[in-house]
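S.K.: Quick one: the structure is below, and I'll ask about it shortly.
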Amino acid sequence: MTYSELELNRIAKIDRMRERGEEPYPHRVKRTHRIDAARAAYEAAVEGGAEPNDTGVEATLCGRLRSIRSMGRTAFCHIEDEGGRIQLMLRSNTLGKEWLKQFEKDYDLGDFVEASGSLMLTRTGEITLLVSSLRMISKAIRALPSAKEVVDEETGERTTYSAFDNPEARYRERYADLAVNPEVRDIFRARSKVVSSIRRTLDDHDFLEVETPILQPIYGGAAARPFTTHHNQLKQELYLRISFELYLKRLLVGNLERVYEIGRDFRNEGVSYKHNPEFTQVEFYWAYADYFDVMDLTEEMVRNAAMAVFGGTTIGEYEGKEIDFGKWERVRLPDAIADRTGIDFTKYPTQAELAAAMKAKDIKFDPTMQRGKLIDKLLSDFVEPYLVQPTFLYDYPIEISPLAKKSADDPMIVERFEGYIAGMELCNAFTELNDPIDQEARFKYLQEMYGSEDDEGHPIDEDYIRAMSYGMPPNGGFGMGIDRLAMLLTNKHSIREVLLFPHLREEK
RNA sequence: GGGUGCGUAGCUCAGUGGUAGAGCAGGUGACUUUUAAUCACUUGGUCGGGGGUUCGAGUCCCUCCGCGCCUACCA
C-alpha cells in the first residue's frame, strides 16, 4: 500500500495522538443514544418543561464526523450514525484552549468519534450536543469521497456539492458510496424489506423455507449456461446452480407440501441492466395448487412487498410512470401476441407454418429458429416492451416449457404464466409437470432438438425422473427475480444499483 | 458480440495543438453560536496504459484496459 500525501498526513496524526497517550482505535466505546434517540430525548425533555436552550439531558453519541467548522475558541461539527445527523458544539472554555487546538489539528472528516455532553439548542435553533468530552474511536486515513453537504432542517432536504456519483467508483468502493450517499443506504433498506416481506408472505401461507445445493453435479431447471467448478479431493466436476427447481420439486415427492427457497442463482451469460452473473431468486412449490392459485399468491406477494417498501399503498413510480403493484391484468399469451401482430400461433402448429405467417407480416427472424423460439421472439419484440402495468401472460407453447404441465384442452399449450412489469420479465410459474413418463420424453425432445454441445442442450437429470417416479403430487411452482422486483420498487433502471457488490471486471 | 460516449488532483469538473486549471477536501495562520462558516497564504498531477503524427500532444491517429448508454444474446 502506498499512501498519498493526504494519507501520510493523517498517519502522522495517529502517531501524534499516540505520543500524547490517546489511542485512535480504542477497544470499547460507550454509546447511550443513537442520534435519533437523542433527538427524541431532547424533544421529550422540552415537552416535560425543560429549558430548550439547555435541557440538561446527558448523552454519549458515536458516529462519523461529517462536517467541521472551527471558529477559534468554538468549533461546530456534525456527526452521523444510522439514526441521522446531529451537531456538536465544542467550546474552549469547557474543553480547554489547548485541547481544541489539538482537535482542529488531528481530527478529520470521516473519523469516528465518541462525544459526551448535554443536549441544547443553539442560537440558530439547531438541536446540538454541547460537548463535555470527545475522543477518537476510529481514525480514517483516507478522505471520504464527498465534499460538502447542506441539510435543510425544515424539509430534511439534502443538497450535496460535488457528490460521489461516478458509477464505476461507487460500485468498486461500495463502502464509500454507502458511507457518503444516504439514498444508497435507503435502496438496500428497501431491498431488505422486499426480501423479508416475501419470506413473511410465504411463511404466513405455511410454506417451509429450505436450502438446496448450490454445487450440483447436474444443473437444470432453466435454460442457461452454468459456471463450472471442481472438487479437488473428490475429483468431481461441479456446476453452480442455475435454478432451484429440480431440487425443490424432489421435496414434494418427499411429502413436504409447501417449500420455498430464497437464494443465489448463477448464470454464465451476458450482463445487462437487468442481468448480473449471480442474482437472487425466490422459488416456491405448492402441492395441490395450480397455476391460477400461484397467480393469486404472486399478486399477494408483490402487493405485500410494495406495501412494505412504500408503507401502505401499492402505487409506485418507475421511470416516470405510475405503477400499481396491487393490480394485475391477466391475458392469454396467444391473445396478447395476436393482438399485437395479428398472428395466432395456436393456428400454426409447425415451425414452417408459423415462419410463413411471420414472413407474410414482414417480421424478420433467423430461419433456423424452432417454433418455440419464434413464439418467444414474437413475445419479446411485440408484447413484452408494452407490458408496463403488472400483467400476467399465461398459456405458453410447450416447446419452450419442458417442466410445465400440458393444458388439458390443447397438447401444444402448457399451463404456464410469466409476470411482467415495466416491460421486464419478473416471474415465471407453472402447473408443474408431474408425469414422469412425459417428463422423460420432454427431456429427450430437448436433447434431440439441441444436442449436448449446444448452449441450450442440458444433461438429463435421471435422478429427478427417478424421484418423480415415486409419485409427485400435482403442484404449482413459481420463481421470481428479487433483484428485479427491488429495481421496480426502488425506481432504479440498473440491477447494479440494487446489488451491494455487482460484478465488475477486474480492476487494473 | 456490435455500435457509441467517457476516463484530467482525494471528490465534482473545466481545459480542441503552444508554460496543466477551478471549487471543495488537505496544510499554515486569524476568528468564542457556526451550518457550503468566513478571510489570507499554500501543498497536491504517470491528464487510464502503450505506441504513433508533430518543432511541440491532456487535445490528433492507432491499440489495449475500465466504466456508462444503446443493441444483440438470454426455456
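Letters A, B, ... go to the chains of the C-alpha cells in the order shown; residues in each chain start at 1; ligands are counted from 1 in the same order.
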Extract, using only C-alpha atoms (C1' of nucleotides), all DNA, RNA and protein residues at most 10 Å from Phe112 in chain A, discarding same-chain residues fewer than 3 positions from it, and format them as an NGL selection string.
M.R.: :A and (24-25 or 62-66 or 79-81 or 107-109 or 115 or 135-140)
S.K.: So that I can check the surroundings of range 28-36 of chain B, please list as a short mmCIF file (atom, residue, chain, number, x, y, z; two decimals) with C-alpha atoms, in the first residue's frame every protein, DNA and RNA residue that reaches within 6 Å of it, counting only C-alpha atoms (C1' of nucleotides) and ignoring chain neighbours fewer than 5 positions away.
M.R.:
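Below you can see part-v3.cif, which holds the result:
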```cif
data_model
loop_
_atom_site.label_atom_id
_atom_site.label_comp_id
_atom_site.auth_asym_id
_atom_site.auth_seq_id
_atom_site.Cartn_x
_atom_site.Cartn_y
_atom_site.Cartn_z
CA MET A 71 -14.15 29.38 14.82
CA GLY A 72 -11.13 29.69 17.01
CA ARG A 73 -12.45 29.32 20.54
CA THR A 74 -15.52 27.40 19.39
CA ARG A 123 -28.80 30.47 18.79
#
```
S.K.: Chain B residues within 12 Å of chain A, counting only C-alpha atoms (C1' of nucleotides): which ones, as a PyMOL selection string?
M.R.: chain B and resi 1+6-7+9-13+23-39+43-44+48-49+64-75
S.K.: Since we have the selection now, will you write its residues out, keeping C-alpha atoms (C1' of nucleotides), as a compact mmCIF listing (two decimals), in the first residue's frame?
M.R.:
```
# COMPACT_ATOMS: atom_id res chain seq x y z
C1' G B 1 -20.53 -9.93 -29.59
C1' C B 6 -16.48 8.77 -21.35
C1' G B 7 -11.59 8.25 -18.36
C1' A B 9 -5.74 16.47 -8.27
C1' G B 10 -8.86 12.66 -2.76
C1' C B 11 -14.22 14.21 -4.92
C1' U B 12 -17.01 17.06 -8.79
C1' C B 13 -15.47 19.13 -13.22
C1' G B 23 -14.41 24.65 -6.42
C1' C B 24 -14.48 21.50 -2.33
C1' A B 25 -11.14 18.26 0.59
C1' G B 26 -5.72 18.70 2.60
C1' G B 27 -1.63 22.13 5.04
C1' U B 28 -0.22 27.02 7.85
C1' G B 29 -2.48 31.05 10.30
C1' A B 30 -6.75 34.53 12.05
C1' C B 31 -11.62 34.21 14.27
C1' U B 32 -15.95 32.49 21.25
C1' U B 33 -23.16 30.46 18.18
C1' U B 34 -21.44 28.37 13.01
C1' U B 35 -24.04 25.43 9.49
C1' A B 36 -21.47 25.15 1.65
C1' A B 37 -18.87 29.45 8.08
C1' U B 38 -15.58 33.38 6.51
C1' C B 39 -10.65 35.54 5.39
C1' U B 43 0.60 21.67 -0.94
C1' G B 44 -1.15 18.33 -4.36
C1' G B 48 -6.37 5.30 -17.68
C1' G B 49 -1.76 2.15 -20.08
C1' C B 64 -5.06 -2.07 -25.09
C1' C B 65 -7.72 -1.60 -20.18
C1' G B 66 -12.02 0.03 -17.39
C1' C B 67 -16.93 2.17 -16.97
C1' G B 68 -21.70 4.17 -18.98
C1' C B 69 -25.57 4.08 -22.71
C1' C B 70 -27.85 1.60 -26.98
C1' U B 71 -28.15 -3.11 -29.25
C1' A B 72 -27.63 -8.44 -29.55
C1' C B 73 -27.73 -12.99 -26.71
C1' C B 74 -30.64 -14.97 -22.57
C1' A B 75 -36.69 -22.36 -21.51
```
S.K.: Can you list, as JSON, numbers by chain, every residue of range 294-463 of chain A that DSSP puts in strand (DSSP E)?
M.R.: {"A": [315, 316, 317, 318, 321, 322, 323, 324, 329, 330, 331, 332, 391, 392, 393, 394, 395, 396, 397, 413, 414, 415, 416, 417, 418, 419, 420, 421, 424, 425, 426, 427, 428, 429, 430, 431]}
S.K.: Find the spatial neighbours of Ala336 in chain A, counting only C-alpha atoms (C1' of nucleotides), within a cut-off of 12 Å - ignore same-chain residues fewer than 6 positions away - and output them as a PyMOL selection string.
M.R.: chain A and resi 329-330+342-345+375+378-380+382-384+386-387+391-396
S.K.: What parts of range 212-273 of chain A does DSSP call alpha helix (DSSP H)? I'd like the answer as a ChimeraX atom specification.
M.R.: /A:245-253
S.K.: Would you save the residues from that selection as a PDB file, in the first residue's frame, using C-alpha atoms?
M.R.:
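Final file, part39.pdb:
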```
ATOM      1  CA  GLU A 245     -36.427 -26.015  -9.338  1.00  0.00           C
ATOM      2  CA  LEU A 246     -35.440 -29.653  -9.656  1.00  0.00           C
ATOM      3  CA  TYR A 247     -34.275 -29.961  -6.061  1.00  0.00           C
ATOM      4  CA  LEU A 248     -37.294 -28.217  -4.600  1.00  0.00           C
ATOM      5  CA  LYS A 249     -39.690 -30.426  -6.529  1.00  0.00           C
ATOM      6  CA  ARG A 250     -37.898 -33.522  -5.220  1.00  0.00           C
ATOM      7  CA  LEU A 251     -39.048 -32.333  -1.798  1.00  0.00           C
ATOM      8  CA  LEU A 252     -42.690 -32.590  -2.880  1.00  0.00           C
ATOM      9  CA  VAL A 253     -42.023 -36.245  -3.635  1.00  0.00           C
TER      10      VAL A 253
END
```
S.K.: Expressed in Å to a single decimal, how great is the separation between CA of Val282 in chain A and CA of Met480 in chain A?
M.R.: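 Interatomic distance here is 5.4 Å.
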S.K.: Can you pull out every residue within 12 Å of Asp293 in chain A, counting only C-alpha atoms (C1' of nucleotides), but drop anything in the same chain fewer than 2 positions away, and send it as a list in words?
M.R.: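 Once the adjacent positions are removed, what remains is Tyr285, Trp286, Ala287, Tyr288, Ala289, Asp290, Tyr291, Met295, Asp296, Leu297, Thr298, Glu299, Glu300, Glu415, Arg416, Phe417, Ala429, Phe430, Thr431, Asn475, Gly476, Gly477 and Phe478 of chain A.
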S.K.: Between A:Glu432, A:Asp409, A:Glu322, A:Asp15, which is the closest to Leu488 in chain A once you count only C-alpha atoms?
M.R.: A:Glu322
S.K.: Mind checking which residues fall within 12 Å of Arg39 in chain A, counting only C-alpha atoms (C1' of nucleotides), ignoring those fewer than 4 positions away in the same chain, and posting them as a PyMOL selection string?
M.R.: chain A and resi 33-35+43-46+55+57-59+61+83-87+118-121+126-129
S.K.: Would you put the residues from that selection into a file with N, CA, C and O atoms, as an mmCIF file, in the first residue's frame?
M.R.:
```
data_model
loop_
_atom_site.group_PDB
_atom_site.id
_atom_site.type_symbol
_atom_site.label_atom_id
_atom_site.label_comp_id
_atom_site.auth_asym_id
_atom_site.auth_seq_id
_atom_site.Cartn_x
_atom_site.Cartn_y
_atom_site.Cartn_z
ATOM 1 N N HIS A 33 -27.088 6.790 23.338
ATOM 2 C CA HIS A 33 -28.212 7.043 22.441
ATOM 3 C C HIS A 33 -27.754 6.941 20.992
ATOM 4 O O HIS A 33 -26.664 7.395 20.668
ATOM 5 N N ARG A 34 -28.601 6.398 20.139
ATOM 6 C CA ARG A 34 -28.419 6.644 18.729
ATOM 7 C C ARG A 34 -28.900 8.065 18.482
ATOM 8 O O ARG A 34 -29.685 8.604 19.288
ATOM 9 N N ILE A 35 -28.477 8.693 17.388
ATOM 10 C CA ILE A 35 -28.758 10.111 17.218
ATOM 11 C C ILE A 35 -30.255 10.413 17.193
ATOM 12 O O ILE A 35 -30.715 11.385 17.804
ATOM 13 N N GLU A 43 -36.589 16.245 22.674
ATOM 14 C CA GLU A 43 -37.977 16.679 22.489
ATOM 15 C C GLU A 43 -38.812 16.341 23.723
ATOM 16 O O GLU A 43 -39.608 17.164 24.187
ATOM 17 N N ALA A 44 -38.587 15.141 24.251
ATOM 18 C CA ALA A 44 -39.368 14.705 25.415
ATOM 19 C C ALA A 44 -39.077 15.603 26.609
ATOM 20 O O ALA A 44 -39.991 15.982 27.357
ATOM 21 N N ALA A 45 -37.809 15.977 26.780
ATOM 22 C CA ALA A 45 -37.434 16.818 27.919
ATOM 23 C C ALA A 45 -38.084 18.192 27.799
ATOM 24 O O ALA A 45 -38.616 18.737 28.772
ATOM 25 N N VAL A 46 -38.074 18.731 26.571
ATOM 26 C CA VAL A 46 -38.669 20.052 26.356
ATOM 27 C C VAL A 46 -40.176 19.989 26.609
ATOM 28 O O VAL A 46 -40.750 20.868 27.244
ATOM 29 N N THR A 55 -31.342 21.631 28.100
ATOM 30 C CA THR A 55 -32.249 20.658 28.715
ATOM 31 C C THR A 55 -31.594 19.923 29.871
ATOM 32 O O THR A 55 -32.282 19.348 30.707
ATOM 33 N N VAL A 57 -30.204 17.225 29.463
ATOM 34 C CA VAL A 57 -30.225 15.801 29.108
ATOM 35 C C VAL A 57 -28.827 15.379 28.677
ATOM 36 O O VAL A 57 -28.264 15.941 27.739
ATOM 37 N N GLU A 58 -28.271 14.405 29.371
ATOM 38 C CA GLU A 58 -26.906 13.952 29.064
ATOM 39 C C GLU A 58 -26.961 12.828 28.041
ATOM 40 O O GLU A 58 -27.858 11.970 28.074
ATOM 41 N N ALA A 59 -25.997 12.828 27.125
ATOM 42 C CA ALA A 59 -25.949 11.750 26.133
ATOM 43 C C ALA A 59 -24.503 11.530 25.699
ATOM 44 O O ALA A 59 -23.698 12.471 25.696
ATOM 45 N N LEU A 61 -22.771 10.058 22.342
ATOM 46 C CA LEU A 61 -23.098 9.678 20.972
ATOM 47 C C LEU A 61 -21.840 9.198 20.251
ATOM 48 O O LEU A 61 -20.733 9.622 20.578
ATOM 49 N N GLY A 83 -28.925 6.683 12.855
ATOM 50 C CA GLY A 83 -30.114 7.439 13.240
ATOM 51 C C GLY A 83 -30.113 8.859 12.710
ATOM 52 O O GLY A 83 -30.981 9.648 13.056
ATOM 53 N N GLY A 84 -29.146 9.206 11.892
ATOM 54 C CA GLY A 84 -29.128 10.533 11.290
ATOM 55 C C GLY A 84 -27.921 11.345 11.723
ATOM 56 O O GLY A 84 -26.875 10.806 12.051
ATOM 57 N N ARG A 85 -28.102 12.646 11.700
ATOM 58 C CA ARG A 85 -27.013 13.573 11.964
ATOM 59 C C ARG A 85 -27.351 14.486 13.120
ATOM 60 O O ARG A 85 -28.519 14.835 13.304
ATOM 61 N N ILE A 86 -26.344 14.910 13.849
ATOM 62 C CA ILE A 86 -26.571 15.902 14.897
ATOM 63 C C ILE A 86 -25.330 16.781 15.008
ATOM 64 O O ILE A 86 -24.208 16.339 14.710
ATOM 65 N N GLN A 87 -25.578 18.022 15.413
ATOM 66 C CA GLN A 87 -24.466 18.953 15.549
ATOM 67 C C GLN A 87 -23.812 18.826 16.927
ATOM 68 O O GLN A 87 -24.489 18.580 17.922
ATOM 69 N N SER A 118 -24.368 17.517 26.901
ATOM 70 C CA SER A 118 -25.792 17.685 27.166
ATOM 71 C C SER A 118 -26.449 18.334 25.958
ATOM 72 O O SER A 118 -25.828 19.084 25.209
ATOM 73 N N LEU A 119 -27.738 18.048 25.823
ATOM 74 C CA LEU A 119 -28.457 18.493 24.636
ATOM 75 C C LEU A 119 -29.016 19.883 24.861
ATOM 76 O O LEU A 119 -29.618 20.166 25.897
ATOM 77 N N MET A 120 -28.800 20.743 23.877
ATOM 78 C CA MET A 120 -29.243 22.123 23.970
ATOM 79 C C MET A 120 -29.638 22.616 22.589
ATOM 80 O O MET A 120 -29.593 21.875 21.615
ATOM 81 N N LEU A 121 -30.049 23.858 22.557
ATOM 82 C CA LEU A 121 -30.427 24.470 21.282
ATOM 83 C C LEU A 121 -29.478 25.635 21.028
ATOM 84 O O LEU A 121 -29.218 26.438 21.910
ATOM 85 N N GLU A 126 -30.740 25.020 16.293
ATOM 86 C CA GLU A 126 -30.455 23.628 15.950
ATOM 87 C C GLU A 126 -30.162 22.820 17.214
ATOM 88 O O GLU A 126 -29.358 23.231 18.058
ATOM 89 N N ILE A 127 -30.811 21.659 17.295
ATOM 90 C CA ILE A 127 -30.555 20.766 18.426
ATOM 91 C C ILE A 127 -29.101 20.309 18.346
ATOM 92 O O ILE A 127 -28.638 19.831 17.303
ATOM 93 N N THR A 128 -28.388 20.488 19.462
ATOM 94 C CA THR A 128 -26.936 20.334 19.442
ATOM 95 C C THR A 128 -26.468 19.678 20.735
ATOM 96 O O THR A 128 -27.044 19.924 21.799
ATOM 97 N N LEU A 129 -25.425 18.856 20.608
ATOM 98 C CA LEU A 129 -24.804 18.297 21.808
ATOM 99 C C LEU A 129 -23.672 19.245 22.221
ATOM 100 O O LEU A 129 -22.698 19.405 21.483
#
```
S.K.: Could you jot down the CA of Arg332 in chain A to CA of Thr350 in chain A separation for me, Å, one decimal place?
M.R.: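 Between CA of Arg332 in chain A and CA of Thr350 in chain A the gap is 20.0 Å.
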S.K.: In terms of the shortest atom-to-atom distance over only C-alpha atoms, which of A:Val131, A:Ala305, A:Leu238, A:Val498 is closest to Arg200 in chain A?
M.R.: A:Ala305
S.K.: Name the residues in contact with Lys492 in chain A at a cut-off of 12 Å, using only C-alpha atoms (C1' of nucleotides), excluding same-chain residues fewer than 3 positions from it; report them as a list in words.
M.R.: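 In the requested form, the answer reads Glu183, Val184, Ile187, Phe188, Ala190, Arg191, Tyr273, Lys274, Gly316, Glu317, Tyr318, Glu319, Gly320, Ala422, Asp483, Arg484, Leu485, Ala486, Met487, Leu488, Leu489, Ile495, Arg496, Glu497, Val498 and Leu499 of chain A.
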